[in-house]
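Shown next: data.tsv, given as TSV, C-alpha atoms and all ligand atoms.
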chain	number	residue	atom	x	y	z
A	1	MET	CA	0.00	0.00	0.00
A	2	PRO	CA	1.63	3.28	-1.07
A	3	ASP	CA	2.12	6.13	1.41
A	4	THR	CA	-0.59	8.60	0.38
A	5	THR	CA	0.80	11.38	2.56
A	6	ILE	CA	3.70	11.87	0.13
A	7	ASP	CA	2.87	13.59	-3.16
A	8	PRO	CA	4.87	11.66	-5.79
A	9	PHE	CA	4.55	14.63	-8.13
A	10	ALA	CA	5.79	17.24	-5.65
A	11	GLY	CA	8.98	18.19	-7.49
A	12	VAL	CA	7.87	17.17	-10.98
A	13	GLU	CA	8.06	19.85	-13.66
A	14	ARG	CA	4.81	20.78	-15.37
A	15	VAL	CA	6.19	20.27	-18.88
A	16	PRO	CA	5.62	17.68	-21.62
A	17	GLY	CA	7.82	14.60	-21.14
A	18	SER	CA	8.81	15.57	-17.59
A	19	THR	CA	10.90	13.11	-15.61
A	20	LYS	CA	9.22	11.37	-12.67
A	21	PRO	CA	10.83	10.18	-9.44
A	22	ASP	CA	9.95	6.49	-10.00
A	23	PRO	CA	8.63	5.83	-13.51
A	24	ILE	CA	7.14	2.40	-14.23
A	25	ILE	CA	6.71	3.19	-17.95
A	26	THR	CA	9.31	5.10	-19.93
A	27	ALA	CA	8.86	5.75	-23.66
A	28	ASP	CA	11.17	7.46	-26.15
A	29	HIS	CA	10.75	8.71	-29.73
A	30	VAL	CA	7.56	6.73	-30.37
A	31	THR	CA	6.09	7.38	-33.80
A	32	ARG	CA	3.27	5.83	-35.80
A	33	SER	CA	1.87	7.06	-39.11
A	34	PHE	CA	-1.17	5.94	-41.02
A	35	GLY	CA	-0.80	6.99	-44.64
A	36	GLY	CA	0.01	10.68	-44.42
A	37	VAL	CA	-1.30	11.08	-40.87
A	38	GLN	CA	1.21	11.09	-38.03
A	39	ALA	CA	-1.03	9.62	-35.35
A	40	VAL	CA	1.67	9.36	-32.67
A	41	ASN	CA	4.84	11.41	-32.27
A	42	VAL	CA	5.87	11.16	-28.62
A	43	GLU	CA	9.39	12.36	-27.80
A	44	HIS	CA	9.47	11.23	-24.20
A	45	LEU	CA	6.92	10.01	-21.68
A	46	GLU	CA	7.24	8.76	-18.12
A	47	ILE	CA	4.40	7.34	-16.03
A	48	GLN	CA	4.89	7.46	-12.28
A	49	ARG	CA	4.52	4.12	-10.47
A	50	GLY	CA	1.46	3.57	-8.28
A	51	THR	CA	-0.43	6.62	-9.51
A	52	SER	CA	-3.39	7.26	-11.74
A	53	THR	CA	-2.55	9.13	-14.95
A	54	GLY	CA	-5.26	10.50	-17.24
A	55	LEU	CA	-4.46	10.81	-20.93
A	56	ILE	CA	-6.60	13.50	-22.53
A	57	GLY	CA	-6.78	15.43	-25.78
A	58	PRO	CA	-9.20	16.30	-28.54
A	59	ASN	CA	-10.57	13.69	-30.92
A	60	GLY	CA	-7.83	12.46	-33.23
A	61	ALA	CA	-5.05	13.43	-30.79
A	62	GLY	CA	-3.56	9.93	-30.93
A	63	LYS	CA	-4.49	8.66	-27.47
A	64	THR	CA	-5.86	5.27	-28.48
A	65	PRO	CA	-3.08	4.71	-31.06
A	66	LEU	CA	-0.51	5.40	-28.30
A	67	PHE	CA	-2.30	2.91	-26.01
A	68	ASN	CA	-2.27	0.34	-28.80
A	69	LEU	CA	1.48	0.75	-29.29
A	70	LEU	CA	2.41	0.61	-25.61
A	71	THR	CA	0.33	-2.53	-25.04
A	72	GLY	CA	1.63	-4.38	-28.10
A	73	PHE	CA	-1.56	-4.23	-30.16
A	74	ASP	CA	0.10	-2.22	-32.91
A	75	ARG	CA	3.62	-1.77	-34.25
A	76	ALA	CA	5.38	1.57	-34.04
A	77	ASN	CA	7.38	3.05	-36.92
A	78	SER	CA	10.06	3.89	-34.39
A	79	GLY	CA	10.65	4.20	-30.68
A	80	THR	CA	11.38	2.23	-27.55
A	81	TRP	CA	9.51	1.82	-24.30
A	82	SER	CA	9.94	-0.16	-21.14
A	83	LEU	CA	7.86	-1.49	-18.28
A	84	ASP	CA	9.55	-1.53	-14.91
A	85	GLY	CA	12.98	-1.40	-16.55
A	86	THR	CA	12.33	-4.17	-19.10
A	87	THR	CA	12.12	-3.20	-22.76
A	88	ILE	CA	8.75	-4.28	-24.14
A	89	SER	CA	8.68	-2.30	-27.38
A	90	SER	CA	8.99	-5.29	-29.70
A	91	LYS	CA	6.78	-7.64	-27.70
A	92	PRO	CA	3.37	-8.85	-28.86
A	93	ALA	CA	0.34	-8.05	-26.72
A	94	TYR	CA	0.20	-11.33	-24.81
A	95	ARG	CA	3.83	-10.99	-23.75
A	96	VAL	CA	3.27	-7.38	-22.71
A	97	ALA	CA	0.37	-8.67	-20.60
A	98	ARG	CA	2.63	-11.27	-19.02
A	99	SER	CA	5.20	-8.60	-18.28
A	100	GLY	CA	2.50	-6.96	-16.19
A	101	MET	CA	0.68	-4.42	-18.35
A	102	VAL	CA	-2.89	-5.14	-19.43
A	103	ARG	CA	-5.55	-3.10	-21.12
A	104	THR	CA	-9.29	-3.37	-21.10
A	105	PHE	CA	-11.28	-4.01	-24.21
A	106	GLN	CA	-14.82	-3.72	-25.29
A	107	LEU	CA	-16.62	-7.04	-25.05
A	108	THR	CA	-16.39	-8.73	-28.44
A	109	LYS	CA	-19.23	-10.71	-30.00
A	110	ALA	CA	-17.47	-13.99	-29.25
A	111	LEU	CA	-16.97	-13.13	-25.60
A	112	SER	CA	-20.54	-11.96	-25.16
A	113	ARG	CA	-21.66	-15.54	-25.92
A	114	LEU	CA	-19.64	-16.88	-22.98
A	115	THR	CA	-20.81	-16.72	-19.38
A	116	VAL	CA	-19.62	-13.91	-17.15
A	117	LEU	CA	-17.59	-16.41	-15.11
A	118	ASP	CA	-15.88	-17.87	-18.20
A	119	ASN	CA	-14.99	-14.37	-19.36
A	120	VAL	CA	-13.17	-13.70	-16.12
A	121	ARG	CA	-11.50	-17.14	-16.13
A	122	LEU	CA	-10.27	-16.37	-19.62
A	123	GLY	CA	-8.50	-13.29	-18.30
A	124	ALA	CA	-6.18	-15.58	-16.35
A	125	THR	CA	-5.15	-17.81	-19.23
A	126	GLY	CA	-1.98	-16.89	-21.01
A	127	GLN	CA	-1.89	-17.60	-24.68
A	128	THR	CA	-0.83	-20.73	-26.55
A	129	GLY	CA	2.13	-21.50	-24.28
A	130	GLU	CA	-0.08	-22.28	-21.33
A	131	ARG	CA	-2.53	-24.23	-23.43
A	132	MET	CA	0.30	-26.41	-24.69
A	133	ILE	CA	1.49	-27.14	-21.18
A	134	GLY	CA	-2.12	-27.98	-20.34
A	135	ALA	CA	-2.29	-30.49	-23.17
A	136	LEU	CA	0.99	-32.12	-22.17
A	137	MET	CA	0.34	-32.20	-18.44
A	138	PRO	CA	-3.45	-32.30	-17.94
A	139	TRP	CA	-3.10	-32.92	-14.17
A	140	SER	CA	-1.28	-29.59	-13.69
A	141	TRP	CA	-3.86	-27.88	-15.87
A	142	ARG	CA	-6.77	-29.21	-13.81
A	143	ALA	CA	-5.21	-28.01	-10.59
A	144	GLN	CA	-4.62	-24.63	-12.18
A	145	GLU	CA	-8.19	-24.53	-13.50
A	146	ALA	CA	-9.63	-25.01	-10.02
A	147	GLU	CA	-7.46	-22.22	-8.68
A	148	ILE	CA	-8.45	-19.95	-11.56
A	149	THR	CA	-12.16	-20.64	-11.04
A	150	GLU	CA	-11.82	-19.81	-7.36
A	151	ARG	CA	-10.04	-16.55	-8.13
A	152	ALA	CA	-12.61	-15.71	-10.81
A	153	HIS	CA	-15.44	-16.08	-8.29
A	154	ALA	CA	-13.60	-13.85	-5.84
A	155	MET	CA	-13.04	-11.26	-8.57
A	156	LEU	CA	-16.73	-11.31	-9.52
A	157	ALA	CA	-17.66	-10.77	-5.89
A	158	ARG	CA	-15.29	-7.80	-5.70
A	159	PHE	CA	-17.06	-6.21	-8.67
A	160	LYS	CA	-20.51	-7.23	-7.39
A	161	LEU	CA	-21.09	-9.38	-10.44
A	162	ASP	CA	-21.28	-12.67	-8.54
A	163	THR	CA	-25.02	-13.01	-9.02
A	164	LYS	CA	-24.43	-12.80	-12.77
A	165	ALA	CA	-21.74	-15.53	-12.92
A	166	ILE	CA	-23.71	-17.95	-15.07
A	167	ASP	CA	-25.44	-15.31	-17.23
A	168	MET	CA	-24.22	-14.74	-20.77
A	169	ALA	CA	-21.88	-11.75	-20.79
A	170	GLY	CA	-23.92	-10.29	-23.67
A	171	SER	CA	-26.88	-9.83	-21.32
A	172	LEU	CA	-25.02	-7.35	-19.09
A	173	SER	CA	-25.67	-3.62	-19.18
A	174	GLY	CA	-23.01	-1.27	-20.57
A	175	GLY	CA	-21.76	-0.40	-17.10
A	176	GLN	CA	-21.66	-4.02	-15.96
A	177	ARG	CA	-19.62	-4.85	-19.06
A	178	LYS	CA	-17.09	-2.22	-18.06
A	179	LEU	CA	-16.85	-3.86	-14.64
A	180	LEU	CA	-16.42	-7.23	-16.34
A	181	GLU	CA	-13.65	-5.83	-18.56
A	182	MET	CA	-11.83	-4.64	-15.45
A	183	ALA	CA	-12.36	-7.93	-13.62
A	184	ARG	CA	-10.96	-9.81	-16.62
A	185	ALA	CA	-7.93	-7.54	-16.85
A	186	LEU	CA	-7.18	-7.88	-13.13
A	187	MET	CA	-7.03	-11.69	-13.24
A	188	THR	CA	-3.38	-11.42	-14.31
A	189	ASN	CA	-2.45	-9.32	-11.24
A	190	PRO	CA	-1.04	-6.57	-13.45
A	191	LYS	CA	1.41	-3.86	-12.41
A	192	VAL	CA	-0.16	-1.44	-14.89
A	193	VAL	CA	-3.77	-1.29	-16.08
A	194	MET	CA	-4.55	0.70	-19.21
A	195	LEU	CA	-8.21	1.71	-19.41
A	196	ASP	CA	-9.54	3.11	-22.67
A	197	GLU	CA	-12.51	5.36	-21.92
A	198	PRO	CA	-13.67	3.38	-18.88
A	199	MET	CA	-16.73	5.58	-18.39
A	200	ALA	CA	-18.03	5.57	-21.97
A	201	GLY	CA	-21.55	4.19	-22.13
A	202	VAL	CA	-21.86	3.71	-18.39
A	203	ASN	CA	-25.14	4.81	-16.86
A	204	PRO	CA	-24.98	7.12	-13.83
A	205	ALA	CA	-26.03	4.34	-11.43
A	206	LEU	CA	-22.74	2.51	-12.01
A	207	THR	CA	-20.47	5.52	-12.49
A	208	GLN	CA	-19.60	5.89	-8.81
A	209	SER	CA	-18.93	2.19	-8.46
A	210	LEU	CA	-16.55	2.23	-11.44
A	211	LEU	CA	-14.79	5.35	-10.22
A	212	GLY	CA	-14.41	3.70	-6.81
A	213	HIS	CA	-12.84	0.63	-8.39
A	214	ILE	CA	-10.34	2.70	-10.33
A	215	LYS	CA	-9.35	4.60	-7.20
A	216	SER	CA	-9.01	1.46	-5.11
A	217	LEU	CA	-6.81	-0.13	-7.78
A	218	ARG	CA	-4.48	2.85	-7.50
A	219	ASP	CA	-4.71	2.82	-3.70
A	220	ASP	CA	-3.67	-0.85	-3.73
A	221	GLY	CA	-0.51	0.12	-5.60
A	222	THR	CA	-1.50	-0.68	-9.20
A	223	THR	CA	-0.51	1.94	-11.74
A	224	VAL	CA	-3.53	3.11	-13.72
A	225	VAL	CA	-3.37	4.91	-17.07
A	226	PHE	CA	-6.63	5.86	-18.70
A	227	VAL	CA	-7.99	7.72	-21.70
A	228	GLU	CA	-11.04	9.76	-20.81
A	229	HIS	CA	-13.01	12.63	-22.32
A	230	ASP	CA	-15.06	13.51	-19.27
A	231	MET	CA	-13.22	16.26	-17.38
A	232	ASP	CA	-15.15	15.58	-14.16
A	233	VAL	CA	-13.86	12.02	-14.22
A	234	ILE	CA	-10.33	13.27	-14.95
A	235	ARG	CA	-10.45	15.66	-12.00
A	236	ASP	CA	-11.90	13.02	-9.73
A	237	VAL	CA	-9.64	10.07	-10.52
A	238	SER	CA	-6.32	11.26	-11.89
A	239	ASP	CA	-3.26	12.32	-9.91
A	240	TRP	CA	-1.57	13.56	-13.06
A	241	VAL	CA	-2.74	14.43	-16.56
A	242	VAL	CA	-0.92	14.08	-19.87
A	243	VAL	CA	-2.40	16.13	-22.71
A	244	MET	CA	-2.00	15.05	-26.34
A	245	ALA	CA	-2.79	16.94	-29.54
A	246	GLN	CA	-1.89	15.90	-33.08
A	247	GLY	CA	0.10	12.91	-31.89
A	248	GLU	CA	2.33	14.89	-29.54
A	249	ILE	CA	2.30	15.48	-25.81
A	250	ILE	CA	1.58	19.18	-25.41
A	251	ALA	CA	1.24	19.51	-21.64
A	252	GLU	CA	1.47	17.65	-18.33
A	253	GLY	CA	0.40	18.54	-14.84
A	254	PRO	CA	-1.98	17.87	-11.98
A	255	PRO	CA	-5.65	18.06	-13.05
A	256	SER	CA	-6.33	21.15	-10.95
A	257	GLU	CA	-3.68	23.15	-12.81
A	258	LEU	CA	-4.48	21.96	-16.31
A	259	SER	CA	-8.10	22.97	-16.21
A	260	SER	CA	-7.02	26.59	-15.72
A	261	ASN	CA	-4.36	26.35	-18.43
A	262	SER	CA	-5.96	28.39	-21.19
A	263	ALA	CA	-3.84	26.85	-23.93
A	264	VAL	CA	-4.99	23.36	-23.02
A	265	VAL	CA	-8.60	24.43	-22.73
A	266	ASP	CA	-8.28	26.14	-26.12
A	267	ALA	CA	-6.75	23.06	-27.72
A	268	TYR	CA	-9.73	21.14	-26.40
A	269	LEU	CA	-12.59	23.47	-27.01
A	270	GLY	CA	-11.36	25.87	-29.66
A	271	SER	CA	-12.62	28.75	-27.56
A	272	HIS	CA	-10.82	31.48	-29.55
A	273	HIS	CA	-13.61	32.32	-31.89
A	274	ASP	CA	-15.83	35.03	-33.14
A	275	LYS	CA	-18.34	32.68	-34.75
A	276	PRO	CA	-20.57	30.03	-33.20
A	277	LEU	CA	-18.67	26.79	-32.78
A	278	GLU	CA	-19.76	23.85	-34.91
A	279	PHE	CA	-19.56	20.21	-33.90
A	280	ASP	CA	-20.89	17.08	-35.56
A	281	GLU	CA	-23.05	14.51	-33.76
A	282	GLN	CA	-19.93	12.74	-32.42
A	283	GLY	CA	-18.77	15.98	-30.86
A	284	ASP	CA	-15.92	16.49	-33.34
A	285	PRO	CA	-15.33	20.06	-34.48
A	286	VAL	CA	-16.27	20.67	-38.11
A	287	GLY	CA	-15.88	23.47	-40.66
A	288	GLU	CA	-14.37	26.71	-39.37
A	289	THR	CA	-14.29	25.32	-35.81
A	290	ALA	CA	-12.17	22.36	-36.94
A	291	ARG	CA	-9.79	24.74	-38.71
A	292	MET	CA	-9.39	26.86	-35.58
A	293	VAL	CA	-8.73	23.82	-33.41
A	294	GLU	CA	-6.12	22.65	-35.92
A	295	GLU	CA	-4.43	26.07	-35.92
A	296	MET	CA	-4.39	26.18	-32.16
A	297	GLU	CA	-2.96	22.70	-31.88
A	298	SER	CA	-0.19	23.30	-34.37
A	299	GLU	CA	0.69	26.55	-32.61
A	300	LEU	CA	0.91	24.70	-29.31
A	301	ALA	CA	2.98	21.90	-30.84
A	302	HIS	CA	5.30	24.48	-32.40
A	303	ARG	CA	5.84	26.20	-29.06
A	304	VAL	CA	6.42	22.89	-27.33
A	305	ARG	CA	9.02	21.88	-29.94
A	306	LYS	CA	10.80	25.18	-29.36
A	307	GLY	CA	10.73	24.59	-25.61
A	308	GLN	CA	8.48	27.58	-24.96
A	309	SER	CA	5.84	27.70	-22.27
A	310	ILE	CA	2.36	26.95	-23.55
A	311	SER	CA	0.50	28.61	-20.73
A	312	ASP	CA	0.58	32.00	-22.41
A	313	ALA	CA	0.31	30.79	-26.02
A	314	PRO	CA	-1.08	33.71	-28.04
A	315	GLU	CA	-3.92	33.36	-30.47
A	316	PRO	CA	-2.60	32.12	-33.82
A	317	GLU	CA	-2.60	34.55	-36.73
A	318	ARG	CA	-6.00	34.66	-38.38
A	319	GLY	CA	-6.21	34.30	-42.16
A	320	THR	CA	-7.69	37.32	-43.97
A	321	SER	CA	-10.39	35.25	-45.74
B	1	LIG	N1	-5.81	1.71	-37.49
B	1	LIG	C1	-5.78	2.93	-38.05
B	1	LIG	N2	-5.74	3.06	-39.40
B	1	LIG	C2	-5.69	4.28	-39.99
B	1	LIG	N3	-5.65	5.42	-39.31
B	1	LIG	C3	-5.68	5.38	-37.98
B	1	LIG	C4	-5.75	4.12	-37.27
B	1	LIG	N4	-5.75	4.38	-35.95
B	1	LIG	C5	-5.71	5.72	-35.83
B	1	LIG	N5	-5.67	6.32	-37.04
B	1	LIG	C6	-5.59	7.77	-37.28
B	1	LIG	O1	-4.74	8.35	-36.30
B	1	LIG	C7	-5.27	9.58	-35.84
B	1	LIG	C8	-5.42	9.60	-34.35
B	1	LIG	O2	-6.19	8.48	-33.92
B	1	LIG	P1	-7.52	8.58	-33.03
B	1	LIG	O3	-8.53	9.42	-33.72
B	1	LIG	O4	-7.93	7.20	-32.68
B	1	LIG	O5	-6.97	9.34	-31.73
B	1	LIG	P2	-7.68	9.52	-30.31
B	1	LIG	O6	-6.95	10.60	-29.61
B	1	LIG	O7	-7.75	8.20	-29.63
B	1	LIG	O8	-9.11	10.03	-30.69
B	1	LIG	P3	-10.55	9.77	-30.01
B	1	LIG	O9	-10.59	10.62	-28.78
B	1	LIG	O10	-11.49	10.26	-31.07
B	1	LIG	O11	-10.68	8.30	-29.72
B	1	LIG	C9	-6.60	9.80	-36.57
B	1	LIG	O12	-6.37	10.67	-37.65
B	1	LIG	C10	-6.96	8.41	-37.06
B	1	LIG	O13	-7.67	8.50	-38.27

Could you write out this structure as structure tokens?
Amino acid sequence: MPDTTIDPFAGVERVPGSTKPDPIITADHVTRSFGGVQAVNVEHLEIQRGTSTGLIGPNGAGKTPLFNLLTGFDRANSGTWSLDGTTISSKPAYRVARSGMVRTFQLTKALSRLTVLDNVRLGATGQTGERMIGALMPWSWRAQEAEITERAHAMLARFKLDTKAIDMAGSLSGGQRKLLEMARALMTNPKVVMLDEPMAGVNPALTQSLLGHIKSLRDDGTTVVFVEHDMDVIRDVSDWVVVMAQGEIIAEGPPSELSSNSAVVDAYLGSHHDKPLEFDEQGDPVGETARMVEEMESELAHRVRKGQSISDAPEPERGTS
């Protein structure tokens, strides 16, 4: 259990790529392009052990692509990253998971046709290696199975899903599925849990319960990194926030400071305007609003590259058209 009286971010600089006193993840020069789009271009990133870090940024900032790279679900064009001192940048997802970093996923169609209990049991199985050992030494497998089933029941009880154990996972509500995703991920006893939009689609009745689980994970010493759009959730759950825009990290700091950082707010909301803002039904800026957001982001990225402070970033030059 970490000592919560000590602020691990006390002396940490509020700048992109700042060094942390005890990083569990360290990444360098990570890039990933899709066609002409540079989705990820992260110079340096450190995630402090045993804390909860929120990764935020406007749509298209590259948050999910960065998650995919770090967890081995996609291949970077360049870059290296390590977990607890071990390089994991060339490892496939299942080996990253075994090294101690897991991510949650939406429930797939296949998994929704399994029971809730089997879903959680599945979280504990490694990939083919363990299945092969099981085939060669069925007695060891059976013993392991019993232990896994016992742990799965305990995990379901922790997430208050025990009464649903034999229901098909597909019958769960959106919020219960999120709990199930977390339960499944935790079966490997990970050092780091990566949560991609844990609150998306969760009805208010389960929001507090999910938030509580995320906090207790962190309080138990697990490092939590999560992508989230909801600023209330960010403020409530994160100890530190990393802001991305156009593939780059443009700011870092405690949530209380970032929400008053006008440059970050502008990058998010495109608030420098003299026309009504326009967003599509997904909430993405469109038309003139999209252009302003793009301008603002490239201005911020430019200042960051030049090592300038972003807190007083001026409005970008307006075109004359
Ligand atoms: N598998 C892919 N194939 C092609 N392009 C991709 C792929 N993944 C991401 N991209 C592109 O990379 C850019 C950033 O990705 P993405 O929009 O997922 O970032 P994000 O910050 O996670 O956004 P959101 O908040 O909307 O989930 C986008 O321009 C997207 O089109």

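Using only C-alpha atoms and all ligand atoms, the nearest neighbour of ligand LIG 1 (chain B) within the list A:Ser90, A:Ser112, A:Thr5, A:Gln246 is A:Gln246.
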
Using all atoms listed in the file, which residue out of A:Leu55, A:Ile24, A:Ala124, A:Met231 lies closest to ligand LIG 1 (chain B)? A:Leu55

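Neighbours of ligand LIG 1 (chain B) at a cut-off of 8 Å, computed so that all atoms listed in the file are counted, are the residues Ser33, Phe34, Gly35, Val37, Gln38, Ala39, Val40, Ile56, Gly57, Pro58, Asn59, Gly60, Ala61, Gly62, Lys63, Thr64, Pro65, Leu66, Val227, His229, Met244, Ala245, Gln246, Gly247 and Asp284 of chain A.
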
Distance table requested - segment 146-245 of chain A against segment 47-52 of chain A, cut-off 9 Å, all atoms listed in the file: one row per qualifying residue with the closest atom pair and its distance in Å to one decimal, ordered by chain and rising residue number, as JSON lines.
{"residue": "A:Lys191", "atom": "CA", "partner": "A:Gly50", "partner_atom": "CA", "distance": 8.5}
{"residue": "A:Val192", "atom": "CA", "partner": "A:Gly50", "partner_atom": "CA", "distance": 8.5}
{"residue": "A:Ile214", "atom": "CA", "partner": "A:Ser52", "partner_atom": "CA", "distance": 8.4}
{"residue": "A:Lys215", "atom": "CA", "partner": "A:Ser52", "partner_atom": "CA", "distance": 8.0}
{"residue": "A:Arg218", "atom": "CA", "partner": "A:Thr51", "partner_atom": "CA", "distance": 5.9}
{"residue": "A:Asp219", "atom": "CA", "partner": "A:Gly50", "partner_atom": "CA", "distance": 7.7}
{"residue": "A:Asp220", "atom": "CA", "partner": "A:Gly50", "partner_atom": "CA", "distance": 8.2}
{"residue": "A:Gly221", "atom": "CA", "partner": "A:Gly50", "partner_atom": "CA", "distance": 4.8}
{"residue": "A:Thr222", "atom": "CA", "partner": "A:Gly50", "partner_atom": "CA", "distance": 5.3}
{"residue": "A:Thr223", "atom": "CA", "partner": "A:Gly50", "partner_atom": "CA", "distance": 4.3}
{"residue": "A:Val224", "atom": "CA", "partner": "A:Ser52", "partner_atom": "CA", "distance": 4.6}
{"residue": "A:Val225", "atom": "CA", "partner": "A:Ser52", "partner_atom": "CA", "distance": 5.8}
{"residue": "A:Phe226", "atom": "CA", "partner": "A:Ser52", "partner_atom": "CA", "distance": 7.8}
{"residue": "A:Val237", "atom": "CA", "partner": "A:Ser52", "partner_atom": "CA", "distance": 7.0}
{"residue": "A:Ser238", "atom": "CA", "partner": "A:Ser52", "partner_atom": "CA", "distance": 5.0}
{"residue": "A:Asp239", "atom": "CA", "partner": "A:Ser52", "partner_atom": "CA", "distance": 5.4}
{"residue": "A:Trp240", "atom": "CA", "partner": "A:Ser52", "partner_atom": "CA", "distance": 6.7}
{"residue": "A:Val241", "atom": "CA", "partner": "A:Ser52", "partner_atom": "CA", "distance": 8.7}

How many Å separate atom CA of Gly175 of chain A from atom CA of Glu147 of chain A?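 Separating atom CA of Gly175 of chain A from atom CA of Glu147 of chain A is a distance of 27.4 Å.
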
Measuring atom to atom with only C-alpha atoms, identify which of A:Asn41, A:Thr53, A:Ser18, A:Thr188 is nearest to Ile148 of chain A.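 Smallest separation from Ile148 of chain A among the options: A:Thr188.
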
Listed atoms of segment 89-103 of chain A, axis-aligned box, 5 Å per side: centre and edge lengths to one decimal in Å, as lines of an AutoDock Vina configuration file?
center_x = 1.7
center_y = -6.8
center_z = -22.9
size_x = 24.5
size_y = 19.0
size_z = 23.5

For atom CA of Asn189 of chain A and atom CA of Gly54 of chain A, quote the distance in Å rounded to one decimal.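 That distance, rounded to one decimal, is 20.9 Å.
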
Near Arg177 of chain A, counting all atoms listed in the file, which residues have an atom at most 10 Å away, once you skip same-chain residues fewer than 4 positions from it, shown as an NGL selection string? :A and (105-107 or 112 or 116 or 161 or 169-173 or 181-183 or 201-202)

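In terms of minimum interatomic distance to Val243 of chain A, A:Val15 ranks closest within A:Val15, A:Met168, A:Ala93, A:Met155, counting only C-alpha atoms.
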
Restricting the calculation to only C-alpha atoms, which member of A:Glu257, A:Glu248, A:Asp230, A:Glu281 is positioned closest to Thr207 of chain A?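 Selected residue with least distance to Thr207 of chain A: A:Asp230.
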
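One distance worth recording is that between atom CA of His153 of chain A and atom CA of Ser99 of chain A, which is 24.1 Å.
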
10 Å contact set for Gly85 of chain A, all atoms listed in the file, chain neighbours under 6 positions out, as number ranges by chain: A: 23-26

Go through A:Asn261, A:Thr104, A:Thr71, A:Asn77 and flag the residue nearest Val30 of chain A, using only C-alpha atoms for the distances.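 The closest residue to Val30 of chain A is A:Asn77.
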
Please complete segment 173-189 of chain A so it has N, CA and C atoms, and hand it over as a PDB file, in the coordinates of the input.
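So the final result, stored in selection-v2.pdb, reads:
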ATOM      1  N   SER A 173     -25.520  -5.017 -18.754  1.00  0.00           N
ATOM      2  CA  SER A 173     -25.670  -3.620 -19.180  1.00  0.00           C
ATOM      3  C   SER A 173     -24.285  -3.062 -19.543  1.00  0.00           C
ATOM      4  N   GLY A 174     -24.283  -1.892 -20.179  1.00  0.00           N
ATOM      5  CA  GLY A 174     -23.010  -1.270 -20.570  1.00  0.00           C
ATOM      6  C   GLY A 174     -22.061  -1.100 -19.391  1.00  0.00           C
ATOM      7  N   GLY A 175     -22.598  -0.634 -18.268  1.00  0.00           N
ATOM      8  CA  GLY A 175     -21.760  -0.400 -17.100  1.00  0.00           C
ATOM      9  C   GLY A 175     -21.228  -1.701 -16.514  1.00  0.00           C
ATOM     10  N   GLN A 176     -22.108  -2.715 -16.479  1.00  0.00           N
ATOM     11  CA  GLN A 176     -21.660  -4.020 -15.960  1.00  0.00           C
ATOM     12  C   GLN A 176     -20.571  -4.607 -16.862  1.00  0.00           C
ATOM     13  N   ARG A 177     -20.675  -4.361 -18.153  1.00  0.00           N
ATOM     14  CA  ARG A 177     -19.620  -4.850 -19.060  1.00  0.00           C
ATOM     15  C   ARG A 177     -18.291  -4.210 -18.752  1.00  0.00           C
ATOM     16  N   LYS A 178     -18.337  -2.927 -18.418  1.00  0.00           N
ATOM     17  CA  LYS A 178     -17.090  -2.220 -18.060  1.00  0.00           C
ATOM     18  C   LYS A 178     -16.473  -2.867 -16.817  1.00  0.00           C
ATOM     19  N   LEU A 179     -17.346  -3.197 -15.855  1.00  0.00           N
ATOM     20  CA  LEU A 179     -16.850  -3.860 -14.640  1.00  0.00           C
ATOM     21  C   LEU A 179     -16.237  -5.208 -15.007  1.00  0.00           C
ATOM     22  N   LEU A 180     -16.917  -5.917 -15.915  1.00  0.00           N
ATOM     23  CA  LEU A 180     -16.420  -7.230 -16.340  1.00  0.00           C
ATOM     24  C   LEU A 180     -15.060  -7.087 -17.044  1.00  0.00           C
ATOM     25  N   GLU A 181     -14.939  -6.058 -17.884  1.00  0.00           N
ATOM     26  CA  GLU A 181     -13.650  -5.830 -18.560  1.00  0.00           C
ATOM     27  C   GLU A 181     -12.540  -5.641 -17.533  1.00  0.00           C
ATOM     28  N   MET A 182     -12.849  -4.870 -16.487  1.00  0.00           N
ATOM     29  CA  MET A 182     -11.830  -4.640 -15.450  1.00  0.00           C
ATOM     30  C   MET A 182     -11.524  -5.923 -14.700  1.00  0.00           C
ATOM     31  N   ALA A 183     -12.572  -6.667 -14.352  1.00  0.00           N
ATOM     32  CA  ALA A 183     -12.360  -7.930 -13.620  1.00  0.00           C
ATOM     33  C   ALA A 183     -11.466  -8.858 -14.437  1.00  0.00           C
ATOM     34  N   ARG A 184     -11.737  -8.930 -15.739  1.00  0.00           N
ATOM     35  CA  ARG A 184     -10.960  -9.810 -16.620  1.00  0.00           C
ATOM     36  C   ARG A 184      -9.498  -9.376 -16.647  1.00  0.00           C
ATOM     37  N   ALA A 185      -9.300  -8.055 -16.767  1.00  0.00           N
ATOM     38  CA  ALA A 185      -7.930  -7.540 -16.850  1.00  0.00           C
ATOM     39  C   ALA A 185      -7.170  -7.824 -15.549  1.00  0.00           C
ATOM     40  N   LEU A 186      -7.868  -7.756 -14.418  1.00  0.00           N
ATOM     41  CA  LEU A 186      -7.180  -7.880 -13.130  1.00  0.00           C
ATOM     42  C   LEU A 186      -6.803  -9.321 -12.781  1.00  0.00           C
ATOM     43  N   MET A 187      -7.345 -10.287 -13.534  1.00  0.00           N
ATOM     44  CA  MET A 187      -7.030 -11.690 -13.240  1.00  0.00           C
ATOM     45  C   MET A 187      -5.540 -11.999 -13.400  1.00  0.00           C
ATOM     46  N   THR A 188      -4.815 -11.168 -14.131  1.00  0.00           N
ATOM     47  CA  THR A 188      -3.380 -11.420 -14.310  1.00  0.00           C
ATOM     48  C   THR A 188      -2.542 -10.722 -13.233  1.00  0.00           C
ATOM     49  N   ASN A 189      -3.176 -10.105 -12.253  1.00  0.00           N
ATOM     50  CA  ASN A 189      -2.450  -9.320 -11.240  1.00  0.00           C
ATOM     51  C   ASN A 189      -1.468  -8.340 -11.867  1.00  0.00           C
TER      52      ASN A 189
END
